[in-house]
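Asks: Below is the file target-v3.cif, which contains mmCIF, C-alpha atoms.
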```cif
data_entry
#
loop_
_atom_site.group_PDB
_atom_site.id
_atom_site.type_symbol
_atom_site.label_atom_id
_atom_site.label_comp_id
_atom_site.auth_asym_id
_atom_site.auth_seq_id
_atom_site.Cartn_x
_atom_site.Cartn_y
_atom_site.Cartn_z
ATOM 1 C CA MET U 154 -10.016 34.970 2.385
ATOM 2 C CA THR U 155 -10.135 34.025 6.072
ATOM 3 C CA GLU U 156 -8.801 30.763 7.465
ATOM 4 C CA ASN U 157 -12.142 30.024 9.191
ATOM 5 C CA SER U 158 -14.147 30.319 5.974
ATOM 6 C CA LEU U 159 -11.826 27.915 4.146
ATOM 7 C CA ASP U 160 -11.860 25.501 7.081
ATOM 8 C CA THR U 161 -15.658 25.494 7.144
ATOM 9 C CA ALA U 162 -15.875 25.022 3.384
ATOM 10 C CA GLY U 163 -13.369 22.185 3.381
ATOM 11 C CA ARG U 164 -14.930 20.272 6.250
ATOM 12 C CA GLN U 165 -18.458 20.511 4.836
ATOM 13 C CA ALA U 166 -17.619 19.749 1.184
ATOM 14 C CA ALA U 167 -18.176 15.995 1.368
ATOM 15 C CA ALA U 168 -21.236 16.319 3.607
ATOM 16 C CA ASP U 169 -22.814 18.923 1.336
ATOM 17 C CA GLN U 170 -22.282 16.751 -1.732
ATOM 18 C CA ALA U 171 -23.860 13.727 -0.054
ATOM 19 C CA GLY U 172 -26.756 15.804 1.294
ATOM 20 C CA GLY U 173 -27.345 17.403 -2.082
ATOM 21 C CA ALA U 174 -27.451 14.019 -3.767
ATOM 22 C CA ARG U 175 -30.033 12.769 -1.281
ATOM 23 C CA ALA U 176 -32.131 15.890 -1.612
ATOM 24 C CA THR U 177 -32.095 15.655 -5.410
ATOM 25 C CA ALA U 178 -33.078 11.992 -5.368
ATOM 26 C CA ALA U 179 -35.880 12.587 -2.864
ATOM 27 C CA GLY U 180 -37.374 15.573 -4.695
ATOM 28 C CA PRO U 181 -39.160 18.563 -3.125
ATOM 29 C CA GLY U 182 -39.802 18.207 0.540
ATOM 30 C CA GLY U 183 -37.577 15.155 0.829
ATOM 31 C CA VAL U 184 -40.272 12.896 -0.683
ATOM 32 C CA GLY U 185 -39.270 10.155 -3.140
ATOM 33 C CA ALA U 186 -41.414 7.964 -5.348
ATOM 34 C CA ASP U 187 -41.485 4.223 -5.200
ATOM 35 C CA GLY U 188 -41.325 3.029 -8.783
ATOM 36 C CA LEU U 189 -42.975 -0.314 -7.982
ATOM 37 C CA GLY U 190 -46.167 0.593 -6.213
ATOM 38 C CA GLY U 191 -46.470 4.312 -6.769
ATOM 39 C CA THR U 192 -46.329 5.028 -3.069
ATOM 40 C CA ARG U 193 -44.095 7.749 -1.800
ATOM 41 C CA SER U 194 -41.739 7.637 1.145
ATOM 42 C CA SER U 195 -39.830 10.346 2.939
ATOM 43 C CA THR U 196 -36.174 10.219 3.872
ATOM 44 C CA VAL U 197 -35.231 12.977 6.264
ATOM 45 C CA LEU U 198 -32.312 13.790 8.462
ATOM 46 C CA LYS U 199 -33.449 14.499 11.990
ATOM 47 C CA PRO U 200 -31.253 17.100 13.642
ATOM 48 C CA PRO U 201 -30.413 16.695 17.294
ATOM 49 C CA THR U 202 -32.888 18.277 19.665
ATOM 50 C CA GLY U 203 -31.873 21.435 21.420
ATOM 51 C CA GLY U 204 -30.783 23.375 18.338
ATOM 52 C CA GLY U 205 -27.063 22.853 18.847
ATOM 53 C CA ARG U 206 -24.435 20.195 18.735
ATOM 54 C CA PRO U 207 -25.347 16.842 20.252
ATOM 55 C CA PRO U 208 -23.997 16.365 23.761
ATOM 56 C CA ARG U 209 -20.719 14.509 24.018
ATOM 57 C CA PRO U 210 -21.294 10.915 25.125
ATOM 58 C CA THR U 211 -20.230 10.078 28.636
ATOM 59 C CA LEU U 212 -17.554 7.515 29.410
ATOM 60 C CA GLY U 213 -20.187 4.989 30.441
ATOM 61 C CA ARG U 214 -22.117 5.537 27.241
ATOM 62 C CA ARG U 215 -18.948 5.037 25.182
ATOM 63 C CA ALA U 216 -18.240 1.807 27.047
ATOM 64 C CA VAL U 217 -21.767 0.565 26.299
ATOM 65 C CA THR U 218 -21.398 1.481 22.625
ATOM 66 C CA PHE U 219 -18.029 -0.252 22.452
ATOM 67 C CA ALA U 220 -19.418 -3.396 24.087
ATOM 68 C CA ASP U 221 -22.401 -3.348 21.729
ATOM 69 C CA SER U 222 -20.067 -3.247 18.733
ATOM 70 C CA LEU U 223 -18.031 -6.193 20.035
ATOM 71 C CA TRP U 224 -20.547 -8.820 21.082
ATOM 72 C CA ARG U 225 -21.565 -9.789 17.537
ATOM 73 C CA PRO U 226 -18.061 -10.532 16.226
ATOM 74 C CA ALA U 227 -17.260 -12.143 19.581
ATOM 75 C CA LEU U 228 -20.262 -14.428 19.138
ATOM 76 C CA VAL U 229 -19.181 -15.356 15.606
ATOM 77 C CA LEU U 230 -15.650 -16.118 16.840
ATOM 78 C CA ALA U 231 -17.027 -18.222 19.677
ATOM 79 C CA VAL U 232 -19.111 -20.269 17.246
ATOM 80 C CA PHE U 233 -16.097 -20.656 14.951
ATOM 81 C CA PHE U 234 -13.806 -21.849 17.753
ATOM 82 C CA ALA U 235 -16.491 -24.204 19.056
ATOM 83 C CA ALA U 236 -16.847 -25.749 15.606
ATOM 84 C CA TRP U 237 -13.064 -25.936 15.266
ATOM 85 C CA TRP U 238 -12.709 -27.650 18.644
ATOM 86 C CA PHE U 239 -15.537 -30.094 17.845
ATOM 87 C CA VAL U 240 -14.064 -31.126 14.474
ATOM 88 C CA ALA U 241 -10.518 -31.437 15.846
ATOM 89 C CA ALA U 242 -11.516 -33.228 19.060
ATOM 90 C CA ARG U 243 -13.605 -35.797 17.195
ATOM 91 C CA GLU U 244 -10.724 -36.167 14.697
ATOM 92 C CA TYR U 245 -12.960 -35.751 11.693
ATOM 93 C CA VAL U 246 -9.759 -34.262 10.260
ATOM 94 C CA PRO U 247 -6.403 -35.689 11.421
ATOM 95 C CA ASN U 248 -4.677 -33.637 14.128
ATOM 96 C CA TYR U 249 -1.540 -33.274 12.076
ATOM 97 C CA LEU U 250 -3.673 -31.254 9.646
ATOM 98 C CA VAL U 251 -6.066 -29.445 12.011
ATOM 99 C CA PRO U 252 -4.926 -29.323 15.655
ATOM 100 C CA THR U 253 -7.236 -28.535 18.531
ATOM 101 C CA PRO U 254 -7.401 -24.977 19.915
ATOM 102 C CA GLY U 255 -5.777 -26.325 23.088
ATOM 103 C CA GLN U 256 -2.765 -27.586 21.164
ATOM 104 C CA VAL U 257 -2.391 -24.232 19.410
ATOM 105 C CA TRP U 258 -2.636 -22.390 22.722
ATOM 106 C CA GLU U 259 -0.032 -24.653 24.292
ATOM 107 C CA THR U 260 2.330 -24.003 21.387
ATOM 108 C CA MET U 261 1.843 -20.247 21.698
ATOM 109 C CA THR U 262 2.557 -20.273 25.428
ATOM 110 C CA THR U 263 5.553 -22.596 25.339
ATOM 111 C CA GLN U 264 7.183 -20.862 22.349
ATOM 112 C CA TRP U 265 5.965 -17.356 23.095
ATOM 113 C CA SER U 266 9.372 -15.696 23.383
ATOM 114 C CA GLU U 267 10.446 -16.993 19.976
ATOM 115 C CA LEU U 268 7.113 -16.172 18.348
ATOM 116 C CA ALA U 269 7.168 -12.683 19.859
ATOM 117 C CA ARG U 270 10.640 -12.035 18.446
ATOM 118 C CA HIS U 271 9.541 -13.052 14.959
ATOM 119 C CA SER U 272 6.324 -11.037 15.321
ATOM 120 C CA VAL U 273 8.309 -7.891 16.107
ATOM 121 C CA VAL U 274 10.345 -8.351 12.928
ATOM 122 C CA THR U 275 7.238 -8.738 10.778
ATOM 123 C CA LEU U 276 5.542 -5.828 12.530
ATOM 124 C CA TYR U 277 8.536 -3.576 11.887
ATOM 125 C CA GLU U 278 8.612 -4.493 8.187
ATOM 126 C CA THR U 279 4.864 -3.964 7.896
ATOM 127 C CA VAL U 280 4.757 -0.577 9.607
ATOM 128 C CA LEU U 281 7.739 0.817 7.742
ATOM 129 C CA GLY U 282 6.421 -0.460 4.413
ATOM 130 C CA PHE U 283 2.968 0.970 5.119
ATOM 131 C CA VAL U 284 4.312 4.405 6.101
ATOM 132 C CA LEU U 285 6.450 4.589 2.960
ATOM 133 C CA ALA U 286 3.546 3.396 0.789
ATOM 134 C CA ALA U 287 1.221 5.996 2.331
ATOM 135 C CA ALA U 288 3.693 8.843 1.773
ATOM 136 C CA LEU U 289 4.622 7.837 -1.786
ATOM 137 C CA GLY U 290 1.012 7.048 -2.650
ATOM 138 C CA LEU U 291 -0.235 10.439 -1.449
ATOM 139 C CA VAL U 292 2.461 12.298 -3.398
ATOM 140 C CA THR U 293 1.658 10.284 -6.525
ATOM 141 C CA ALA U 294 -2.080 10.879 -6.091
ATOM 142 C CA VAL U 295 -1.564 14.635 -5.796
ATOM 143 C CA ALA U 296 0.638 14.649 -8.900
ATOM 144 C CA ILE U 297 -1.927 12.669 -10.906
ATOM 145 C CA ALA U 298 -4.877 14.756 -9.703
ATOM 146 C CA TYR U 299 -3.230 18.124 -10.398
ATOM 147 C CA SER U 300 -1.447 17.419 -13.688
ATOM 148 C CA ARG U 301 -3.044 15.923 -16.777
ATOM 149 C CA THR U 302 0.405 15.169 -18.191
ATOM 150 C CA LEU U 303 1.474 13.262 -15.090
ATOM 151 C CA ASP U 304 -1.898 11.531 -15.054
ATOM 152 C CA LYS U 305 -1.326 10.117 -18.530
ATOM 153 C CA ALA U 306 2.323 9.292 -17.735
ATOM 154 C CA LEU U 307 2.060 7.781 -14.237
ATOM 155 C CA TYR U 308 -1.341 6.105 -14.118
ATOM 156 C CA PRO U 309 -0.493 3.321 -16.621
ATOM 157 C CA ILE U 310 2.799 2.670 -14.812
ATOM 158 C CA VAL U 311 1.045 2.420 -11.442
ATOM 159 C CA LEU U 312 -1.471 -0.016 -12.914
ATOM 160 C CA PHE U 313 1.287 -2.041 -14.579
ATOM 161 C CA ALA U 314 3.191 -2.292 -11.302
ATOM 162 C CA GLN U 315 0.052 -3.486 -9.527
ATOM 163 C CA VAL U 316 -0.842 -6.322 -11.888
ATOM 164 C CA ILE U 317 2.624 -7.887 -11.682
ATOM 165 C CA PRO U 318 2.483 -10.774 -9.162
ATOM 166 C CA LYS U 319 4.647 -9.676 -6.260
ATOM 167 C CA ILE U 320 5.740 -13.223 -5.487
ATOM 168 C CA ALA U 321 7.273 -13.302 -8.978
ATOM 169 C CA ILE U 322 9.553 -10.327 -8.357
ATOM 170 C CA ALA U 323 10.433 -11.269 -4.763
ATOM 171 C CA PRO U 324 13.420 -13.469 -5.797
ATOM 172 C CA LEU U 325 14.712 -10.632 -7.975
ATOM 173 C CA LEU U 326 14.557 -8.231 -5.018
ATOM 174 C CA VAL U 327 16.485 -10.722 -2.912
ATOM 175 C CA VAL U 328 19.180 -10.895 -5.603
ATOM 176 C CA TRP U 329 19.373 -7.100 -5.782
ATOM 177 C CA PHE U 330 19.153 -6.202 -2.070
ATOM 178 C CA GLY U 331 20.198 -9.350 -0.231
ATOM 179 C CA LEU U 332 18.482 -11.267 2.555
ATOM 180 C CA GLY U 333 18.010 -8.341 4.942
ATOM 181 C CA LEU U 334 14.918 -6.282 5.682
ATOM 182 C CA THR U 335 15.055 -4.218 2.488
ATOM 183 C CA PRO U 336 13.339 -6.714 0.100
ATOM 184 C CA LYS U 337 10.509 -7.279 2.607
ATOM 185 C CA ILE U 338 9.917 -3.561 3.057
ATOM 186 C CA ILE U 339 9.963 -2.965 -0.698
ATOM 187 C CA LEU U 340 7.385 -5.714 -1.244
ATOM 188 C CA ALA U 341 5.177 -4.238 1.481
ATOM 189 C CA VAL U 342 5.421 -0.845 -0.232
ATOM 190 C CA LEU U 343 4.623 -2.282 -3.664
ATOM 191 C CA ILE U 344 1.532 -4.117 -2.425
ATOM 192 C CA ALA U 345 0.186 -1.283 -0.225
ATOM 193 C CA PHE U 346 0.971 1.517 -2.694
ATOM 194 C CA PHE U 347 -1.859 0.986 -5.194
ATOM 195 C CA PRO U 348 -4.943 1.446 -2.943
ATOM 196 C CA VAL U 349 -3.461 4.643 -1.507
ATOM 197 C CA VAL U 350 -2.993 6.122 -4.982
ATOM 198 C CA ILE U 351 -6.443 5.113 -6.238
ATOM 199 C CA SER U 352 -8.296 6.367 -3.165
ATOM 200 C CA GLY U 353 -6.249 9.570 -3.057
ATOM 201 C CA VAL U 354 -6.938 10.404 -6.701
ATOM 202 C CA ALA U 355 -10.650 9.657 -6.276
ATOM 203 C CA GLY U 356 -10.836 11.874 -3.201
ATOM 204 C CA LEU U 357 -8.932 14.797 -4.698
ATOM 205 C CA ARG U 358 -11.080 14.711 -7.823
ATOM 206 C CA SER U 359 -14.352 14.558 -5.884
ATOM 207 C CA THR U 360 -14.205 18.172 -4.679
ATOM 208 C CA ASP U 361 -17.113 20.293 -5.883
ATOM 209 C CA PRO U 362 -15.826 22.523 -8.751
ATOM 210 C CA GLU U 363 -18.085 25.346 -7.594
ATOM 211 C CA LEU U 364 -16.371 25.289 -4.224
ATOM 212 C CA LEU U 365 -12.978 25.552 -5.929
ATOM 213 C CA ASP U 366 -14.240 28.454 -8.041
ATOM 214 C CA LEU U 367 -15.484 30.174 -4.905
ATOM 215 C CA ALA U 368 -12.113 29.759 -3.207
ATOM 216 C CA ALA U 369 -10.334 31.181 -6.263
ATOM 217 C CA THR U 370 -12.752 34.111 -6.384
ATOM 218 C CA MET U 371 -12.016 34.882 -2.737
ATOM 219 C CA GLY U 372 -8.295 34.961 -3.451
ATOM 220 C CA ALA U 373 -7.135 31.591 -2.129
ATOM 221 C CA GLY U 374 -3.981 30.260 -3.782
ATOM 222 C CA PRO U 375 -3.423 26.653 -4.878
ATOM 223 C CA TRP U 376 -1.672 25.631 -1.652
ATOM 224 C CA ARG U 377 -4.319 27.108 0.626
ATOM 225 C CA THR U 378 -7.099 25.624 -1.488
ATOM 226 C CA PHE U 379 -5.432 22.224 -1.250
ATOM 227 C CA ARG U 380 -4.863 22.496 2.491
ATOM 228 C CA LYS U 381 -8.276 23.856 3.410
ATOM 229 C CA ILE U 382 -10.612 22.333 0.814
ATOM 230 C CA ARG U 383 -9.258 19.599 -1.442
ATOM 231 C CA PHE U 384 -7.292 17.591 1.107
ATOM 232 C CA PRO U 385 -10.020 17.597 3.834
ATOM 233 C CA ASN U 386 -12.548 16.611 1.172
ATOM 234 C CA ALA U 387 -10.283 13.747 0.047
ATOM 235 C CA LEU U 388 -9.653 12.405 3.556
ATOM 236 C CA PRO U 389 -12.667 10.014 3.689
ATOM 237 C CA HIS U 390 -11.541 8.347 0.448
ATOM 238 C CA LEU U 391 -7.904 8.391 1.497
ATOM 239 C CA MET U 392 -8.565 6.815 4.889
ATOM 240 C CA ALA U 393 -10.531 4.024 3.221
ATOM 241 C CA GLY U 394 -7.537 3.326 1.003
ATOM 242 C CA LEU U 395 -5.168 3.405 3.977
ATOM 243 C CA LYS U 396 -7.248 0.803 5.808
ATOM 244 C CA VAL U 397 -6.940 -1.498 2.814
ATOM 245 C CA ALA U 398 -3.240 -0.721 2.427
ATOM 246 C CA VAL U 399 -2.304 -1.480 6.035
ATOM 247 C CA THR U 400 -3.665 -5.016 5.774
ATOM 248 C CA LEU U 401 -1.955 -5.559 2.431
ATOM 249 C CA ALA U 402 1.341 -4.384 3.914
ATOM 250 C CA VAL U 403 1.262 -7.429 6.215
ATOM 251 C CA VAL U 404 0.874 -9.643 3.155
ATOM 252 C CA GLY U 405 3.819 -7.955 1.454
ATOM 253 C CA ALA U 406 6.114 -8.400 4.439
ATOM 254 C CA VAL U 407 5.198 -12.086 4.796
ATOM 255 C CA VAL U 408 5.631 -12.748 1.069
ATOM 256 C CA GLY U 409 9.109 -11.251 1.281
ATOM 257 C CA GLU U 410 9.920 -13.547 4.198
ATOM 258 C CA PHE U 411 8.787 -16.549 2.173
ATOM 259 C CA VAL U 412 11.489 -15.995 -0.442
ATOM 260 C CA GLY U 413 14.539 -15.351 1.690
ATOM 261 C CA ALA U 414 14.651 -14.704 5.420
ATOM 262 C CA SER U 415 15.998 -16.064 8.653
ATOM 263 C CA GLU U 416 13.406 -14.416 10.903
ATOM 264 C CA GLY U 417 9.838 -13.198 10.789
ATOM 265 C CA LEU U 418 6.430 -14.872 10.852
ATOM 266 C CA GLY U 419 6.719 -15.845 7.179
ATOM 267 C CA TYR U 420 9.948 -17.688 7.956
ATOM 268 C CA VAL U 421 8.255 -19.457 10.901
ATOM 269 C CA LEU U 422 5.362 -20.411 8.632
ATOM 270 C CA LEU U 423 7.732 -22.084 6.190
ATOM 271 C CA LEU U 424 9.433 -23.999 9.008
ATOM 272 C CA ALA U 425 6.116 -25.163 10.452
ATOM 273 C CA ASN U 426 4.890 -26.230 7.032
ATOM 274 C CA GLY U 427 8.098 -28.138 6.280
ATOM 275 C CA ASN U 428 8.008 -29.934 9.637
ATOM 276 C CA LEU U 429 4.252 -30.619 9.457
ATOM 277 C CA ASP U 430 3.921 -28.754 12.762
ATOM 278 C CA ALA U 431 0.243 -27.821 12.513
ATOM 279 C CA PRO U 432 -0.057 -26.197 15.994
ATOM 280 C CA LEU U 433 2.868 -23.879 15.248
ATOM 281 C CA LEU U 434 1.452 -23.114 11.798
ATOM 282 C CA PHE U 435 -1.944 -22.165 13.256
ATOM 283 C CA ALA U 436 -0.325 -20.091 16.008
ATOM 284 C CA ASP U 437 1.698 -18.258 13.381
ATOM 285 C CA LEU U 438 -1.407 -17.525 11.300
ATOM 286 C CA ILE U 439 -3.208 -16.189 14.364
ATOM 287 C CA LEU U 440 -0.336 -13.811 15.114
ATOM 288 C CA MET U 441 -0.292 -12.583 11.503
ATOM 289 C CA SER U 442 -4.012 -11.885 11.698
ATOM 290 C CA ALA U 443 -3.584 -10.116 15.034
ATOM 291 C CA ILE U 444 -0.972 -7.772 13.558
ATOM 292 C CA GLY U 445 -3.258 -6.873 10.670
ATOM 293 C CA ILE U 446 -6.262 -6.321 12.940
ATOM 294 C CA VAL U 447 -4.351 -4.107 15.383
ATOM 295 C CA LEU U 448 -2.941 -1.945 12.586
ATOM 296 C CA PHE U 449 -6.374 -1.674 10.977
ATOM 297 C CA VAL U 450 -7.887 -0.516 14.279
ATOM 298 C CA LEU U 451 -5.136 2.099 14.671
ATOM 299 C CA VAL U 452 -5.937 3.515 11.220
ATOM 300 C CA GLU U 453 -9.620 3.466 12.157
ATOM 301 C CA ILE U 454 -8.851 5.501 15.276
ATOM 302 C CA ALA U 455 -6.803 7.950 13.208
ATOM 303 C CA GLU U 456 -9.756 8.305 10.850
ATOM 304 C CA ALA U 457 -12.086 9.100 13.745
ATOM 305 C CA LEU U 458 -9.673 11.782 14.969
ATOM 306 C CA LEU U 459 -9.002 13.339 11.551
ATOM 307 C CA ILE U 460 -12.525 13.473 10.128
ATOM 308 C CA PRO U 461 -14.996 13.649 13.023
ATOM 309 C CA TRP U 462 -17.052 16.034 10.840
ATOM 310 C CA HIS U 463 -17.720 13.396 8.185
ATOM 311 C CA ALA U 464 -21.213 11.909 7.884
ATOM 312 C CA SER U 465 -19.979 8.428 8.790
ATOM 313 C CA ARG U 466 -18.512 9.769 12.052
ATOM 314 C CA ARG U 467 -21.264 12.044 13.280
ATOM 315 C CA ALA U 468 -23.166 11.140 16.421
ATOM 316 C CA GLY U 469 -26.703 12.194 17.269
ATOM 317 C CA VAL U 470 -27.977 12.449 13.670
ATOM 318 C CA SER U 471 -30.354 9.655 12.683
ATOM 319 C CA LEU U 472 -31.364 8.741 9.147
ATOM 320 C CA THR U 473 -34.926 7.459 9.177
ATOM 321 C CA THR U 474 -37.141 6.207 6.387
ATOM 322 C CA SER U 475 -40.874 6.026 6.808
#
```
What do you get writing this file as structure tokens?

Replies:
Amino acid sequence: MTENSLDTAGRQAAADQAGGARATAAGPGGVGADGLGGTRSSTVLKPPTGGGRPPRPTLGRRAVTFADSLWRPALVLAVFFAAWWFVAAREYVPNYLVPTPGQVWETMTTQWSELARHSVVTLYETVLGFVLAAALGLVTAVAIAYSRTLDKALYPIVLFAQVIPKIAIAPLLVVWFGLGLTPKIILAVLIAFFPVVISGVAGLRSTDPELLDLAATMGAGPWRTFRKIRFPNALPHLMAGLKVAVTLAVVGAVVGEFVGASEGLGYVLLLANGNLDAPLLFADLILMSAIGIVLFVLVEIAEALLIPWHASRRAGVSLTTS
């Protein structure tokens, strides 16, 4: 069995399944019935003109697309900050509870060096916890997907570990591992681990059995089948789980800092809350959100690089309904 044939089969597995489902639902000729009025509509995929791959977008076109994707959330944020400024400036809520955006900005600029130092600590805990959770979660997902015995043995334990409130075991981790970085990293792993396992198992089990039979008939071994077919087919599910996990890893690191820490954004949040320092508290929350957003975008970029062949990443193919 050639490498190219397995590569092609693996990269098209998810797209073929989705296309087959649409074709089956639409019926012959891509025409589906409307159960309400009896009318029929067609749902077709229009291939790019020219008979080949769509042309790669130019740099200017990419910039326009990027700007088009940003103006809507930017507008929502502008409305939110305007409403925040209006409520705080008119003191509908006392300033010691809701400061103005100007007060928060002043706090961020005057205490930036200290906030940056604490942000680096939280970022380090988050990234390390996320990487460990992704590696352990993928290994566990493969074990569950390939072995029925391990499925029955590990799946209930994974579920049990997920439903335990992490804030409840945080003091125990501090007792076991001290006040260093270890308890924070472990909590980040525990919180981010579950979505990686669930998405990985779902992706590995979604491979078309006929495609696996074909690979076996052509002489592909288990490792090559996994590398060329099952893992590429599971990547869309896995990347979705990783995007959830990377945001949860921030939560895990901050929860660990709540229990016992002398640095980190969670520690700063406790200090601001105890001192009723609302501007510092809001600045701290903004930095936490920024860390989560940046890490999410990085995983999104990795997804675009790893699965450009997936239906959600293709350019030049329009789905129209008439």

Asks: Work out how far atom CA of U:Phe330 is from atom CA of U:Val292, in Å to one decimal.

Replies: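 Atom CA of U:Phe330 lies 25.0 Å from atom CA of U:Val292.
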
Asks: Using all atoms listed in the file, can you tell me which of U:Phe233, U:Lys319, U:Ala341, U:Leu307 comes closest to U:Ala286?

Replies: U:Ala341

Asks: Considering all atoms listed in the file, can you say which of U:Leu459, U:Ala373, U:Ala242, U:Val274 comes closest to U:Leu334?

Replies: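 Closest to U:Leu334, using all atoms listed in the file: U:Val274.
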
Asks: By how many Å are atom CA of U:Leu357 and atom CA of U:Ala387 apart?

Replies: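 These two atoms are separated by 5.0 Å.
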
Asks: Quick one: everything within 8 Å of stretch 427-440 of chain U, counting only C-alpha atoms, minus sequence neighbours fewer than 2 positions away in the same chain. Send it as a list of chain:residue names.

Replies: U:Asn248, U:Tyr249, U:Leu250, U:Val251, U:Pro252, U:Thr253, U:Gln256, U:Val257, U:Trp258, U:Thr260, U:Met261, U:Leu268, U:Ser272, U:Leu418, U:Val421, U:Leu422, U:Leu423, U:Leu424, U:Ala425, U:Ser442, U:Ala443, U:Ile444

Asks: Mind pulling up the distance from atom CA of U:Tyr420 to atom CA of U:His271?

Replies: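 We find that atom CA of U:His271 and atom CA of U:Tyr420 lie 8.4 Å from each other.
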
Asks: Applied to this file, what does the PyMOL selection byres ((chain U and resi 365) around 12) return in terms of residues, put as a list in words?

Replies: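 So the PyMOL selection byres ((chain U and resi 365) around 12) ends up selecting Leu159, Ala162, Gly163, Ala166, Leu357, Arg358, Ser359, Thr360, Asp361, Pro362, Glu363, Leu364, Asp366, Leu367, Ala368, Ala369, Thr370, Met371, Gly372, Ala373, Gly374, Pro375, Arg377, Thr378, Phe379, Lys381, Ile382, Arg383 and Asn386 of chain U.
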
Asks: Enumerate, as an NGL selection string, the protein, DNA and RNA residues whose atoms approach (-7.1, 9.9, -6.3) to within 10 Å, taking into account all atoms listed in the file and the coordinate frame of the file.

Replies: :U and (290-291 or 293-299 or 348-359 or 387 or 390-391 or 394)

Asks: Residues within 8 Å of stretch 455-458 of chain U, please, as a PyMOL selection string. Count all atoms listed in the file; anything in the same chain fewer than 3 positions from it doesn't count.

Replies: chain U and resi 389+392+451-452+461+466

Asks: Fewer than 3 positions away in the same chain doesn't count, so skip those; otherwise give me all residues within 7 Å of stretch 408-410 of chain U, counting only C-alpha atoms, as a PyMOL selection string.

Replies: chain U and resi 320+323+336-337+340+404-405+413-414+417+419-420

Asks: Okay, now the selection with C-alpha atoms, as a tab-separated table (two decimals), keeping the file's coordinate frame?

Replies:
```tsv
chain	number	residue	atom	x	y	z
U	320	ILE	CA	5.74	-13.22	-5.49
U	323	ALA	CA	10.43	-11.27	-4.76
U	336	PRO	CA	13.34	-6.71	0.10
U	337	LYS	CA	10.51	-7.28	2.61
U	340	LEU	CA	7.38	-5.71	-1.24
U	404	VAL	CA	0.87	-9.64	3.16
U	405	GLY	CA	3.82	-7.96	1.45
U	413	GLY	CA	14.54	-15.35	1.69
U	414	ALA	CA	14.65	-14.70	5.42
U	417	GLY	CA	9.84	-13.20	10.79
U	419	GLY	CA	6.72	-15.84	7.18
U	420	TYR	CA	9.95	-17.69	7.96
```

Asks: Closest to U:Ala269 among U:Ala393, U:Ala306, U:Val284, U:Glu416, using all atoms listed in the file?

Replies: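 Closest residue, counting all atoms listed in the file: U:Glu416.
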